[in-house]
$ cat entry35.tsv   # TSV, C-alpha atoms and all ligand atoms
chain	number	residue	atom	x	y	z
A	1	LEU	CA	-34.76	-46.59	5.17
A	2	LEU	CA	-34.89	-46.42	8.93
A	3	PRO	CA	-38.09	-48.02	10.21
A	4	ARG	CA	-39.34	-45.08	12.27
A	5	ALA	CA	-37.86	-42.32	10.11
A	6	ARG	CA	-39.25	-43.37	6.73
A	7	SER	CA	-41.42	-40.29	6.36
A	8	SER	CA	-38.75	-37.90	7.68
A	9	GLN	CA	-37.40	-35.52	5.08
A	10	GLU	CA	-35.06	-32.58	5.03
A	11	SER	CA	-37.13	-29.63	6.31
A	12	VAL	CA	-38.02	-26.82	3.96
A	13	PHE	CA	-35.93	-24.46	6.13
A	14	ALA	CA	-32.80	-26.59	5.92
A	15	ARG	CA	-33.39	-27.15	2.19
A	16	MET	CA	-33.83	-23.47	1.34
A	17	SER	CA	-30.73	-22.54	3.36
A	18	ARG	CA	-28.78	-25.24	1.50
A	19	LEU	CA	-30.04	-23.98	-1.89
A	20	ALA	CA	-29.30	-20.38	-0.89
A	21	GLY	CA	-25.69	-21.42	-0.28
A	22	GLN	CA	-25.54	-23.41	-3.51
A	23	TYR	CA	-26.88	-20.56	-5.71
A	24	GLY	CA	-25.33	-17.66	-3.79
A	25	ALA	CA	-28.83	-16.40	-3.02
A	26	VAL	CA	-29.81	-13.80	-0.41
A	27	ASN	CA	-31.40	-16.00	2.26
A	28	LEU	CA	-34.82	-14.64	3.22
A	29	GLY	CA	-35.97	-18.21	3.86
A	30	GLN	CA	-35.03	-19.76	7.18
A	31	GLY	CA	-35.81	-17.43	10.07
A	32	PHE	CA	-32.52	-16.52	11.67
A	33	PRO	CA	-31.09	-13.02	12.08
A	34	SER	CA	-28.09	-11.83	10.10
A	35	ASP	CA	-27.03	-9.49	12.93
A	36	ALA	CA	-24.79	-10.72	15.74
A	37	PRO	CA	-26.40	-11.36	19.13
A	38	PRO	CA	-26.12	-8.44	21.61
A	39	ALA	CA	-22.70	-7.86	23.18
A	40	PHE	CA	-24.08	-8.41	26.70
A	41	LEU	CA	-25.05	-11.96	25.71
A	42	LEU	CA	-21.73	-12.73	24.02
A	43	GLU	CA	-19.75	-11.38	26.96
A	44	ALA	CA	-21.79	-13.46	29.39
A	45	ALA	CA	-21.01	-16.56	27.28
A	46	ARG	CA	-17.28	-15.79	27.32
A	47	ARG	CA	-17.43	-15.53	31.10
A	48	ALA	CA	-19.30	-18.86	31.39
A	49	VAL	CA	-17.08	-21.03	29.18
A	50	GLY	CA	-14.39	-22.59	31.34
A	51	VAL	CA	-16.55	-22.15	34.43
A	52	ALA	CA	-19.90	-23.83	33.73
A	53	ASP	CA	-18.84	-26.64	31.42
A	54	GLN	CA	-20.45	-29.74	32.90
A	55	TYR	CA	-24.03	-31.03	32.92
A	56	SER	CA	-26.64	-28.83	34.47
A	57	PRO	CA	-29.60	-30.38	36.29
A	58	PRO	CA	-32.04	-31.75	33.65
A	59	ALA	CA	-34.59	-29.01	34.43
A	60	GLY	CA	-31.92	-26.39	33.75
A	61	LEU	CA	-29.50	-24.20	35.70
A	62	LEU	CA	-31.24	-22.79	38.73
A	63	ALA	CA	-30.06	-19.28	37.77
A	64	LEU	CA	-31.75	-19.58	34.37
A	65	ARG	CA	-34.98	-21.03	35.73
A	66	ASP	CA	-35.11	-18.19	38.27
A	67	ALA	CA	-34.36	-15.58	35.59
A	68	LEU	CA	-37.08	-17.04	33.39
A	69	GLY	CA	-39.51	-17.17	36.29
A	70	ALA	CA	-38.90	-13.47	36.99
A	71	ASP	CA	-39.13	-12.57	33.29
A	72	LEU	CA	-42.30	-14.58	32.58
A	73	GLY	CA	-44.00	-13.86	35.87
A	74	VAL	CA	-44.06	-17.52	36.95
A	75	ASP	CA	-42.36	-19.59	39.62
A	76	GLY	CA	-38.91	-20.65	38.39
A	77	ALA	CA	-39.68	-24.12	39.77
A	78	ASP	CA	-42.32	-24.50	37.01
A	79	VAL	CA	-39.80	-23.87	34.21
A	80	VAL	CA	-37.88	-26.55	32.27
A	81	VAL	CA	-34.98	-25.45	30.06
A	82	THR	CA	-34.66	-27.30	26.74
A	83	ALA	CA	-32.33	-27.53	23.75
A	84	GLY	CA	-34.31	-24.98	21.76
A	85	ALA	CA	-38.07	-24.58	21.48
A	86	THR	CA	-38.02	-27.49	19.01
A	87	GLU	CA	-37.02	-29.89	21.78
A	88	ALA	CA	-39.56	-28.29	24.11
A	89	LEU	CA	-42.35	-29.03	21.63
A	90	HIS	CA	-41.09	-32.56	21.03
A	91	LEU	CA	-40.99	-33.26	24.77
A	92	LEU	CA	-44.50	-31.96	25.24
A	93	ALA	CA	-45.76	-34.15	22.41
A	94	GLN	CA	-44.07	-37.19	23.97
A	95	ALA	CA	-45.35	-36.30	27.43
A	96	LEU	CA	-48.94	-35.46	26.55
A	97	TYR	CA	-50.14	-37.55	23.59
A	98	GLY	CA	-50.15	-41.16	22.57
A	99	PRO	CA	-51.63	-43.54	19.99
A	100	GLY	CA	-55.23	-42.72	19.13
A	101	ASP	CA	-55.04	-39.16	20.46
A	102	GLU	CA	-55.77	-36.13	18.33
A	103	VAL	CA	-54.06	-32.76	18.61
A	104	LEU	CA	-55.65	-29.60	17.23
A	105	MET	CA	-53.46	-27.04	15.51
A	106	LEU	CA	-54.02	-24.16	13.13
A	107	GLU	CA	-53.13	-24.17	9.45
A	108	PRO	CA	-50.93	-22.73	7.94
A	109	VAL	CA	-48.97	-24.85	10.41
A	110	PHE	CA	-45.32	-24.63	11.43
A	111	ASP	CA	-43.98	-27.78	9.77
A	112	ILE	CA	-42.52	-29.63	12.78
A	113	TYR	CA	-45.81	-29.77	14.67
A	114	LEU	CA	-47.07	-32.51	12.34
A	115	PRO	CA	-44.22	-35.06	12.62
A	116	GLN	CA	-43.85	-34.34	16.33
A	117	ALA	CA	-47.48	-35.38	16.93
A	118	ARG	CA	-47.10	-38.42	14.65
A	119	LEU	CA	-43.88	-39.55	16.37
A	120	ALA	CA	-45.88	-39.66	19.58
A	121	GLY	CA	-48.40	-41.88	17.78
A	122	ALA	CA	-51.05	-39.14	17.73
A	123	THR	CA	-52.96	-37.61	14.82
A	124	PRO	CA	-52.55	-33.91	14.06
A	125	VAL	CA	-55.87	-32.30	13.12
A	126	THR	CA	-55.61	-28.87	11.54
A	127	VAL	CA	-58.18	-26.10	11.56
A	128	PRO	CA	-57.63	-23.59	8.77
A	129	LEU	CA	-57.04	-19.89	9.28
A	130	ARG	CA	-58.83	-18.22	6.39
A	131	ARG	CA	-57.16	-15.42	4.48
A	132	THR	CA	-59.40	-12.49	3.57
A	133	GLU	CA	-59.09	-10.46	0.37
A	134	ALA	CA	-57.34	-7.81	2.45
A	135	GLY	CA	-54.65	-10.30	3.54
A	136	ARG	CA	-55.88	-10.83	7.09
A	137	TRP	CA	-56.01	-14.31	8.56
A	138	THR	CA	-59.19	-15.10	10.45
A	139	LEU	CA	-59.93	-17.84	12.95
A	140	ASP	CA	-63.41	-19.36	12.92
A	141	LEU	CA	-64.02	-20.53	16.47
A	142	GLY	CA	-66.94	-22.63	15.25
A	143	GLU	CA	-64.51	-24.61	13.10
A	144	VAL	CA	-62.24	-25.21	16.10
A	145	ARG	CA	-65.23	-26.34	18.17
A	146	ALA	CA	-66.39	-28.66	15.40
A	147	ALA	CA	-62.94	-30.27	15.19
A	148	VAL	CA	-62.95	-31.40	18.84
A	149	THR	CA	-63.68	-35.12	19.28
A	150	PRO	CA	-63.57	-37.40	22.34
A	151	ARG	CA	-59.99	-38.24	21.27
A	152	THR	CA	-58.75	-34.63	21.30
A	153	ARG	CA	-56.06	-34.18	23.96
A	154	ALA	CA	-54.53	-30.81	23.27
A	155	LEU	CA	-54.75	-27.56	21.39
A	156	LEU	CA	-51.43	-26.32	20.05
A	157	LEU	CA	-51.37	-22.57	19.45
A	158	ASN	CA	-48.70	-20.27	18.09
A	159	SER	CA	-48.98	-16.52	18.62
A	160	PRO	CA	-47.45	-14.47	17.05
A	161	HIS	CA	-48.07	-17.07	14.36
A	162	ASN	CA	-45.44	-18.45	12.00
A	163	PRO	CA	-45.81	-17.99	8.99
A	164	THR	CA	-48.75	-15.53	8.88
A	165	GLY	CA	-47.61	-13.14	11.63
A	166	ARG	CA	-51.12	-13.25	13.11
A	167	VAL	CA	-51.38	-12.21	16.76
A	168	PHE	CA	-54.44	-13.74	18.41
A	169	THR	CA	-56.61	-11.40	20.43
A	170	ARG	CA	-57.52	-11.79	24.07
A	171	ALA	CA	-61.13	-12.53	23.07
A	172	GLU	CA	-60.00	-15.33	20.72
A	173	LEU	CA	-57.74	-16.81	23.38
A	174	GLU	CA	-60.52	-16.61	25.98
A	175	ALA	CA	-62.84	-18.53	23.65
A	176	LEU	CA	-60.16	-21.20	23.09
A	177	VAL	CA	-59.56	-21.45	26.84
A	178	ALA	CA	-63.30	-21.94	27.43
A	179	LEU	CA	-63.27	-24.74	24.86
A	180	ALA	CA	-60.19	-26.32	26.45
A	181	ARG	CA	-61.84	-26.24	29.88
A	182	GLN	CA	-65.07	-27.70	28.54
A	183	HIS	CA	-63.27	-30.65	26.94
A	184	ASP	CA	-60.37	-30.86	29.39
A	185	LEU	CA	-57.68	-30.21	26.78
A	186	TRP	CA	-54.07	-29.23	27.40
A	187	LEU	CA	-53.02	-25.92	25.88
A	188	ILE	CA	-49.58	-25.70	24.32
A	189	SER	CA	-48.70	-22.13	23.50
A	190	ASP	CA	-45.72	-21.63	21.22
A	191	GLU	CA	-44.74	-18.04	22.02
A	192	VAL	CA	-41.21	-17.98	20.63
A	193	TYR	CA	-41.95	-14.61	18.97
A	194	ASP	CA	-43.36	-13.12	22.18
A	195	GLU	CA	-41.08	-10.07	22.03
A	196	LEU	CA	-41.40	-9.57	18.27
A	197	TYR	CA	-44.62	-7.70	17.62
A	198	PHE	CA	-45.60	-4.45	15.89
A	199	GLY	CA	-48.75	-3.34	17.72
A	200	GLU	CA	-50.06	-4.23	21.16
A	201	ARG	CA	-48.11	-6.79	23.20
A	202	PRO	CA	-49.62	-10.23	22.38
A	203	PRO	CA	-51.65	-11.54	25.32
A	204	SER	CA	-50.08	-14.64	26.88
A	205	LEU	CA	-52.36	-17.67	26.97
A	206	ARG	CA	-50.93	-18.80	30.28
A	207	THR	CA	-52.37	-15.79	32.14
A	208	LEU	CA	-55.85	-16.96	31.08
A	209	ALA	CA	-55.45	-20.67	31.94
A	210	PRO	CA	-52.40	-21.25	34.16
A	211	GLU	CA	-53.70	-24.66	35.22
A	212	ARG	CA	-53.45	-26.21	31.73
A	213	THR	CA	-51.07	-24.06	29.67
A	214	PHE	CA	-47.52	-24.99	28.68
A	215	THR	CA	-45.77	-21.88	27.36
A	216	VAL	CA	-42.86	-22.51	25.01
A	217	GLY	CA	-40.20	-19.82	24.54
A	218	SER	CA	-36.85	-19.34	22.87
A	219	ALA	CA	-33.66	-17.48	23.72
A	220	GLY	CA	-32.67	-17.96	20.08
A	221	LYS	CA	-35.55	-15.79	18.89
A	222	ARG	CA	-35.42	-13.27	21.72
A	223	LEU	CA	-31.66	-12.79	21.87
A	224	GLU	CA	-30.80	-13.38	18.21
A	225	ALA	CA	-28.88	-16.61	18.79
A	226	THR	CA	-30.88	-19.39	17.09
A	227	GLY	CA	-27.88	-21.71	17.01
A	228	TRP	CA	-27.46	-21.71	20.77
A	229	ARG	CA	-30.42	-24.03	21.25
A	230	ILE	CA	-31.72	-22.61	24.49
A	231	GLY	CA	-35.48	-22.83	24.83
A	232	TRP	CA	-37.90	-23.41	27.67
A	233	VAL	CA	-41.31	-24.56	28.81
A	234	ALA	CA	-43.24	-22.87	31.60
A	235	CYS	CA	-45.48	-25.66	32.91
A	236	PRO	CA	-48.70	-25.63	34.88
A	237	PRO	CA	-47.80	-25.74	38.59
A	238	GLY	CA	-46.36	-29.04	39.79
A	239	LEU	CA	-45.58	-30.62	36.38
A	240	ALA	CA	-42.06	-29.38	35.66
A	241	GLY	CA	-40.35	-32.16	37.61
A	242	ASN	CA	-42.05	-34.81	35.54
A	243	LEU	CA	-41.21	-33.09	32.25
A	244	ALA	CA	-37.59	-32.66	33.41
A	245	ALA	CA	-37.42	-36.39	34.11
A	246	LEU	CA	-38.53	-37.11	30.54
A	247	ARG	CA	-36.01	-34.64	29.04
A	248	GLN	CA	-33.16	-36.67	30.57
A	249	VAL	CA	-33.61	-39.15	27.73
A	250	THR	CA	-33.54	-36.62	24.88
A	251	SER	CA	-30.52	-34.38	25.54
A	252	PHE	CA	-30.29	-34.61	29.36
A	253	CYS	CA	-29.74	-30.86	29.59
A	254	ALA	CA	-29.23	-27.84	27.35
A	255	PRO	CA	-25.64	-26.56	26.88
A	256	THR	CA	-24.64	-25.35	30.34
A	257	PRO	CA	-22.40	-22.34	29.52
A	258	LEU	CA	-25.04	-20.99	27.17
A	259	GLN	CA	-27.70	-21.44	29.83
A	260	ALA	CA	-25.52	-19.41	32.21
A	261	ALA	CA	-25.11	-16.69	29.57
A	262	VAL	CA	-28.85	-16.51	28.90
A	263	ALA	CA	-29.53	-16.36	32.65
A	264	ALA	CA	-27.26	-13.32	32.90
A	265	ALA	CA	-28.62	-11.71	29.73
A	266	LEU	CA	-32.38	-11.96	30.31
A	267	PRO	CA	-32.57	-9.29	33.04
A	268	VAL	CA	-30.17	-7.06	31.09
A	269	ALA	CA	-32.34	-7.34	27.96
A	270	ARG	CA	-35.40	-6.36	29.98
A	271	ARG	CA	-33.73	-3.53	31.90
A	272	THR	CA	-31.95	-1.90	28.97
A	273	GLY	CA	-34.83	-1.84	26.50
A	274	PHE	CA	-33.18	-4.38	24.21
A	275	TYR	CA	-36.54	-5.79	23.05
A	276	GLU	CA	-37.90	-2.32	22.28
A	277	GLY	CA	-34.84	-1.69	20.13
A	278	LEU	CA	-35.30	-5.04	18.43
A	279	ARG	CA	-38.91	-4.23	17.60
A	280	GLU	CA	-38.03	-0.78	16.28
A	281	GLY	CA	-35.31	-2.22	14.05
A	282	TYR	CA	-37.57	-4.97	12.74
A	283	ALA	CA	-40.48	-2.58	12.14
A	284	ALA	CA	-38.17	-0.53	9.91
A	285	ARG	CA	-37.00	-3.65	8.03
A	286	LEU	CA	-40.56	-4.86	7.65
A	287	HIS	CA	-41.51	-1.56	6.04
A	288	LEU	CA	-38.45	-1.56	3.81
A	289	LEU	CA	-39.24	-5.04	2.51
A	290	ALA	CA	-43.02	-4.55	2.29
A	291	ALA	CA	-42.70	-1.26	0.40
A	292	GLY	CA	-40.07	-2.73	-1.93
A	293	LEU	CA	-42.15	-5.82	-2.69
A	294	ARG	CA	-45.24	-3.69	-3.33
A	295	ALA	CA	-43.26	-1.50	-5.69
A	296	LEU	CA	-42.50	-4.70	-7.63
A	297	GLY	CA	-46.21	-5.39	-7.92
A	298	ALA	CA	-46.46	-8.00	-5.15
A	299	GLU	CA	-49.38	-8.35	-2.80
A	300	VAL	CA	-48.06	-8.16	0.78
A	301	ASP	CA	-49.73	-9.21	4.06
A	302	LEU	CA	-48.49	-7.13	7.01
A	303	PRO	CA	-47.76	-9.27	10.10
A	304	GLY	CA	-48.73	-8.29	13.65
A	305	GLY	CA	-45.64	-10.11	14.94
A	306	THR	CA	-42.74	-12.49	14.06
A	307	TYR	CA	-40.01	-11.52	11.60
A	308	PHE	CA	-41.86	-12.91	8.59
A	309	LEU	CA	-44.24	-11.50	6.04
A	310	MET	CA	-46.21	-13.32	3.36
A	311	ALA	CA	-46.41	-12.03	-0.18
A	312	ARG	CA	-47.29	-13.22	-3.65
A	313	ARG	CA	-46.89	-12.19	-7.23
A	314	PRO	CA	-47.87	-14.02	-10.39
A	315	GLY	CA	-44.86	-15.72	-11.96
A	316	TRP	CA	-43.00	-16.45	-8.76
A	317	THR	CA	-42.02	-19.95	-7.70
A	318	ALA	CA	-39.66	-20.68	-4.81
A	319	ALA	CA	-37.44	-22.74	-7.11
A	320	ALA	CA	-37.15	-19.98	-9.73
A	321	LEU	CA	-36.54	-17.31	-7.09
A	322	VAL	CA	-33.64	-19.13	-5.48
A	323	GLU	CA	-32.10	-20.42	-8.70
A	324	HIS	CA	-32.65	-17.55	-11.14
A	325	ALA	CA	-33.40	-14.46	-9.03
A	326	GLY	CA	-30.89	-15.36	-6.29
A	327	VAL	CA	-33.36	-14.89	-3.44
A	328	ALA	CA	-34.36	-17.74	-1.12
A	329	VAL	CA	-37.86	-17.67	0.39
A	330	ILE	CA	-40.14	-20.30	1.90
A	331	PRO	CA	-43.07	-21.45	-0.26
A	332	GLY	CA	-46.38	-21.06	1.55
A	333	ASP	CA	-47.36	-24.64	0.82
A	334	ALA	CA	-44.61	-25.79	3.20
A	335	PHE	CA	-47.09	-24.82	5.94
A	336	ALA	CA	-50.03	-26.70	4.44
A	337	ALA	CA	-51.19	-29.95	6.02
A	338	ARG	CA	-53.90	-30.55	3.46
A	339	GLN	CA	-54.14	-29.52	-0.16
A	340	PRO	CA	-54.60	-27.07	-1.73
A	341	ALA	CA	-51.84	-24.88	-0.37
A	342	PRO	CA	-52.67	-21.30	0.57
A	343	GLY	CA	-52.87	-19.28	-2.63
A	344	GLY	CA	-49.37	-19.02	-4.06
A	345	LEU	CA	-47.96	-17.16	-1.06
A	346	PHE	CA	-44.29	-17.01	-0.09
A	347	ARG	CA	-42.82	-16.33	3.33
A	348	PHE	CA	-40.07	-13.72	3.42
A	349	ALA	CA	-37.89	-13.36	6.54
A	350	PHE	CA	-36.97	-9.75	7.22
A	351	CYS	CA	-34.58	-10.46	10.15
A	352	LYS	CA	-31.73	-9.62	7.80
A	353	ALA	CA	-29.53	-6.54	7.42
A	354	PRO	CA	-31.20	-3.71	5.45
A	355	ALA	CA	-28.45	-4.02	2.81
A	356	GLN	CA	-29.43	-7.68	2.30
A	357	LEU	CA	-33.10	-6.76	2.01
A	358	GLU	CA	-32.22	-4.08	-0.56
A	359	GLU	CA	-30.05	-6.53	-2.48
A	360	ALA	CA	-32.90	-9.06	-2.51
A	361	LEU	CA	-35.34	-6.43	-3.79
A	362	GLU	CA	-32.93	-5.40	-6.53
A	363	ARG	CA	-32.52	-9.03	-7.60
A	364	LEU	CA	-36.26	-9.59	-7.60
A	365	GLY	CA	-36.65	-6.45	-9.71
A	366	ARG	CA	-34.10	-7.69	-12.25
A	367	PHE	CA	-35.77	-11.11	-12.31
A	368	GLY	CA	-38.95	-9.34	-13.40
B	1	LIG	N1	-38.36	-21.07	13.07
B	1	LIG	C1	-37.57	-20.99	11.87
B	1	LIG	C2	-38.38	-20.55	10.69
B	1	LIG	O1	-39.58	-20.59	10.72
B	1	LIG	C3	-36.97	-22.29	11.46
B	1	LIG	C4	-36.67	-23.26	12.51
B	1	LIG	C5	-35.89	-24.41	11.97
B	1	LIG	O2	-35.38	-24.40	10.86
B	1	LIG	N2	-35.86	-25.40	12.76
B	1	LIG	O3	-37.76	-20.20	9.71

$ encode --input "entry35.tsv" --output "structure tokens"
Amino acid sequence: LLPRARSSQESVFARMSRLAGQYGAVNLGQGFPSDAPPAFLLEAARRAVGVADQYSPPAGLLALRDALGADLGVDGADVVVTAGATEALHLLAQALYGPGDEVLMLEPVFDIYLPQARLAGATPVTVPLRRTEAGRWTLDLGEVRAAVTPRTRALLLNSPHNPTGRVFTRAELEALVALARQHDLWLISDEVYDELYFGERPPSLRTLAPERTFTVGSAGKRLEATGWRIGWVACPPGLAGNLAALRQVTSFCAPTPLQAAVAAALPVARRTGFYEGLREGYAARLHLLAAGLRALGAEVDLPGGTYFLMARRPGWTAAALVEHAGVAVIPGDAFAARQPAPGGLFRFAFCKAPAQLEEALERLGRFG
């Protein structure tokens, strides 16, 4: 095996998508939409190909950084464009941590956070979210406080949270900011689902601690184009140039024509109510799937955001569902850093056409 990749394995998302293909399953596993991206994005890409085909500056096309600055309410000069939010998180890990450092994150944990910290030589330390009987995930601030050591460098948050759908409240974020200030920790805020919520707009961590917060975002999630690999980091003032210098050694720059298309599309999405429409559509799909799963006797946790819900039913295993029921889901234990895994839960993606959700429910019903 490769010396530094020994512990690398196919991710659960790639594996479930592969198995879904192999068994002809409805893929409610990996979180990508089945709908096409909006026409205004596709048209902007067609206009950009053949025009903006060479490298962009490492920090990103100026037009995109400016569009992001206007959209996020920051200075475009503080934004670095990346090849997806995944690269943004990798760059931040490489830039901020090193051997001996500890990074706090919440569990269930999005799987890549762990190897990204380890690749930087750091130790990921998870603090559990606890699931109540009613299917709500609670954060015990005392547990976060107790996990801080002199080696802690950063707190990595994700809200809306994948896989639980939990949206952290302003009061919770304020308490975490106070802790970060007390111990001089960086805050990394993975907000790729910032426009996908079902109640109040999630508060953005950056507004509470602009001096230490790196906000990570994703055009793939916002504009339904996960394969485009356009993500970004909004940095604390003055740090973007340094992060852009580091990103020259990973992919140098994100795909230029797609950056140009996203730059054109962001203001259109905002102006035309695209995100409101997205939320309305996903709220309807969430209710379709949740009601259908409940009718099959499953226990369903309703998310405050993301396009995932968690559910469980005795007799289900991810392997049996994909192979015998023909429905791919993500097993909850894929998000566990320590054992035992959270209570037999499965993550269902509902960013799929209603007909696919109905087909999945029918298959689950036949499976019994
Ligand atoms: N964010 C996606 C999910 O949770 C997966 C991302 C990926 O596969 N890299 O399903």

$ closest_residue --input "entry35.tsv" --among "A:Ala67, A:Ala263, A:Ala328, A:Leu286" --to "Phe350 in chain A" --atoms "only C-alpha atoms"
A:Leu286

$ closest_atom_pairs --input "entry35.tsv" --of "range 197-223 of chain A" --to "range 301-313 of chain A" --cutoff "9 Å" --atoms "all atoms listed in the file" --output "Markdown table"
| residue | atom | partner | partner_atom | distance |
| --- | --- | --- | --- | --- |
| A:Tyr197 | CA | A:Gly305 | CA | 3.7 |
| A:Phe198 | CA | A:Gly304 | CA | 5.4 |
| A:Gly199 | CA | A:Gly304 | CA | 6.4 |
| A:Glu200 | CA | A:Gly304 | CA | 8.6 |
| A:Pro202 | CA | A:Gly305 | CA | 8.4 |

$ closest_residue --input "entry35.tsv" --among "A:Pro203, A:Pro331, A:Pro150, A:Gly292" --to "ligand LIG 1 (chain B)" --atoms "only C-alpha atoms and all ligand atoms"
A:Pro331

$ residues_near_ligand --input "entry35.tsv" --ligand "ligand LIG 1 (chain B)" --cutoff "8 Å" --atoms "only C-alpha atoms and all ligand atoms" --output "tab-separated table (two decimals) with C-alpha atoms, keeping the file's coordinate frame"
chain	number	residue	atom	x	y	z
A	11	SER	CA	-37.13	-29.63	6.31
A	12	VAL	CA	-38.02	-26.82	3.96
A	13	PHE	CA	-35.93	-24.46	6.13
A	14	ALA	CA	-32.80	-26.59	5.92
A	29	GLY	CA	-35.97	-18.21	3.86
A	30	GLN	CA	-35.03	-19.76	7.18
A	31	GLY	CA	-35.81	-17.43	10.07
A	32	PHE	CA	-32.52	-16.52	11.67
A	86	THR	CA	-38.02	-27.49	19.01
A	110	PHE	CA	-45.32	-24.63	11.43
A	112	ILE	CA	-42.52	-29.63	12.78
A	162	ASN	CA	-45.44	-18.45	12.00
A	163	PRO	CA	-45.81	-17.99	8.99
A	349	ALA	CA	-37.89	-13.36	6.54

$ closest_residue --input "entry35.tsv" --among "A:Gln22, A:Thr82, A:Thr132, A:Thr149" --to "Val103 in chain A" --atoms "all atoms listed in the file"
A:Thr149

$ residues_around --input "entry35.tsv" --residues "Ala209 in chain A" --least-positions-apart "5" --cutoff "10 Å" --atoms "only C-alpha atoms" --output "PyMOL selection string"
chain A and resi 173-174+177-178+180-181+186-187+204+214+236

$ write_last_selection --input "entry35.tsv" --atoms "C-alpha atoms" --output "PDB file, in the coordinates of the input"
ATOM      1  CA  LEU A 173     -57.740 -16.810  23.380  1.00  0.00           C
ATOM      2  CA  GLU A 174     -60.520 -16.610  25.980  1.00  0.00           C
ATOM      3  CA  VAL A 177     -59.560 -21.450  26.840  1.00  0.00           C
ATOM      4  CA  ALA A 178     -63.300 -21.940  27.430  1.00  0.00           C
ATOM      5  CA  ALA A 180     -60.190 -26.320  26.450  1.00  0.00           C
ATOM      6  CA  ARG A 181     -61.840 -26.240  29.880  1.00  0.00           C
ATOM      7  CA  TRP A 186     -54.070 -29.230  27.400  1.00  0.00           C
ATOM      8  CA  LEU A 187     -53.020 -25.920  25.880  1.00  0.00           C
ATOM      9  CA  SER A 204     -50.080 -14.640  26.880  1.00  0.00           C
ATOM     10  CA  PHE A 214     -47.520 -24.990  28.680  1.00  0.00           C
ATOM     11  CA  PRO A 236     -48.700 -25.630  34.880  1.00  0.00           C
TER      12      PRO A 236
END

$ closest_atom_pairs --input "entry35.tsv" --of "range 198-245 of chain A" --to "range 35-48 of chain A" --cutoff "12 Å" --atoms "all atoms listed in the file" --output "tab-separated table"
residue	atom	partner	partner_atom	distance
A:Ala219	CA	A:Leu41	CA	10.4
A:Gly220	CA	A:Pro37	CA	9.2
A:Lys221	CA	A:Pro37	CA	10.2
A:Arg222	CA	A:Pro37	CA	9.6
A:Leu223	CA	A:Pro37	CA	6.1
A:Glu224	CA	A:Pro37	CA	4.9
A:Ala225	CA	A:Pro37	CA	5.8
A:Thr226	CA	A:Pro37	CA	9.4
A:Gly227	CA	A:Pro37	CA	10.7
A:Trp228	CA	A:Ala45	CA	10.5

$ atom_distance --input "entry35.tsv" --atom1 "CA of Arg151 in chain A" --atom2 "CA of Leu89 in chain A"
19.9 Å

$ atom_distance --input "entry35.tsv" --atom1 "CA of Thr169 in chain A" --atom2 "CA of Thr213 in chain A"
16.6 Å

$ residues_around --input "entry35.tsv" --residues "range 115-118 of chain A" --least-positions-apart "3" --cutoff "12 Å" --atoms "all atoms listed in the file" --output "PyMOL selection string"
chain A and resi 4-9+11+86-105+109-112+121-126+153-156+337

$ write_last_selection --input "entry35.tsv" --atoms "C-alpha atoms" --output "tab-separated table (two decimals), in the frame of the given file"
chain	number	residue	atom	x	y	z
A	4	ARG	CA	-39.34	-45.08	12.27
A	5	ALA	CA	-37.86	-42.32	10.11
A	6	ARG	CA	-39.25	-43.37	6.73
A	7	SER	CA	-41.42	-40.29	6.36
A	8	SER	CA	-38.75	-37.90	7.68
A	9	GLN	CA	-37.40	-35.52	5.08
A	11	SER	CA	-37.13	-29.63	6.31
A	86	THR	CA	-38.02	-27.49	19.01
A	87	GLU	CA	-37.02	-29.89	21.78
A	88	ALA	CA	-39.56	-28.29	24.11
A	89	LEU	CA	-42.35	-29.03	21.63
A	90	HIS	CA	-41.09	-32.56	21.03
A	91	LEU	CA	-40.99	-33.26	24.77
A	92	LEU	CA	-44.50	-31.96	25.24
A	93	ALA	CA	-45.76	-34.15	22.41
A	94	GLN	CA	-44.07	-37.19	23.97
A	95	ALA	CA	-45.35	-36.30	27.43
A	96	LEU	CA	-48.94	-35.46	26.55
A	97	TYR	CA	-50.14	-37.55	23.59
A	98	GLY	CA	-50.15	-41.16	22.57
A	99	PRO	CA	-51.63	-43.54	19.99
A	100	GLY	CA	-55.23	-42.72	19.13
A	101	ASP	CA	-55.04	-39.16	20.46
A	102	GLU	CA	-55.77	-36.13	18.33
A	103	VAL	CA	-54.06	-32.76	18.61
A	104	LEU	CA	-55.65	-29.60	17.23
A	105	MET	CA	-53.46	-27.04	15.51
A	109	VAL	CA	-48.97	-24.85	10.41
A	110	PHE	CA	-45.32	-24.63	11.43
A	111	ASP	CA	-43.98	-27.78	9.77
A	112	ILE	CA	-42.52	-29.63	12.78
A	121	GLY	CA	-48.40	-41.88	17.78
A	122	ALA	CA	-51.05	-39.14	17.73
A	123	THR	CA	-52.96	-37.61	14.82
A	124	PRO	CA	-52.55	-33.91	14.06
A	125	VAL	CA	-55.87	-32.30	13.12
A	126	THR	CA	-55.61	-28.87	11.54
A	153	ARG	CA	-56.06	-34.18	23.96
A	154	ALA	CA	-54.53	-30.81	23.27
A	155	LEU	CA	-54.75	-27.56	21.39
A	156	LEU	CA	-51.43	-26.32	20.05
A	337	ALA	CA	-51.19	-29.95	6.02

$ closest_residue --input "entry35.tsv" --among "A:Glu195, A:Asp71, A:Glu299, A:Asp66" --to "Glu133 in chain A" --atoms "only C-alpha atoms"
A:Glu299

$ residues_around --input "entry35.tsv" --residues "Gly21 in chain A" --least-positions-apart "5" --cutoff "12 Å" --atoms "all atoms listed in the file" --output "short mmCIF file (atom, residue, chain, number, x, y, z; two decimals) with C-alpha atoms, in the frame of the given file"
data_model
loop_
_atom_site.label_atom_id
_atom_site.label_comp_id
_atom_site.auth_asym_id
_atom_site.auth_seq_id
_atom_site.Cartn_x
_atom_site.Cartn_y
_atom_site.Cartn_z
CA ALA A 14 -32.80 -26.59 5.92
CA ARG A 15 -33.39 -27.15 2.19
CA MET A 16 -33.83 -23.47 1.34
CA VAL A 26 -29.81 -13.80 -0.41
CA ASN A 27 -31.40 -16.00 2.26
CA LEU A 28 -34.82 -14.64 3.22
CA GLY A 29 -35.97 -18.21 3.86
CA VAL A 322 -33.64 -19.13 -5.48
CA GLU A 323 -32.10 -20.42 -8.70
CA GLY A 326 -30.89 -15.36 -6.29
CA VAL A 327 -33.36 -14.89 -3.44
CA ALA A 328 -34.36 -17.74 -1.12
#
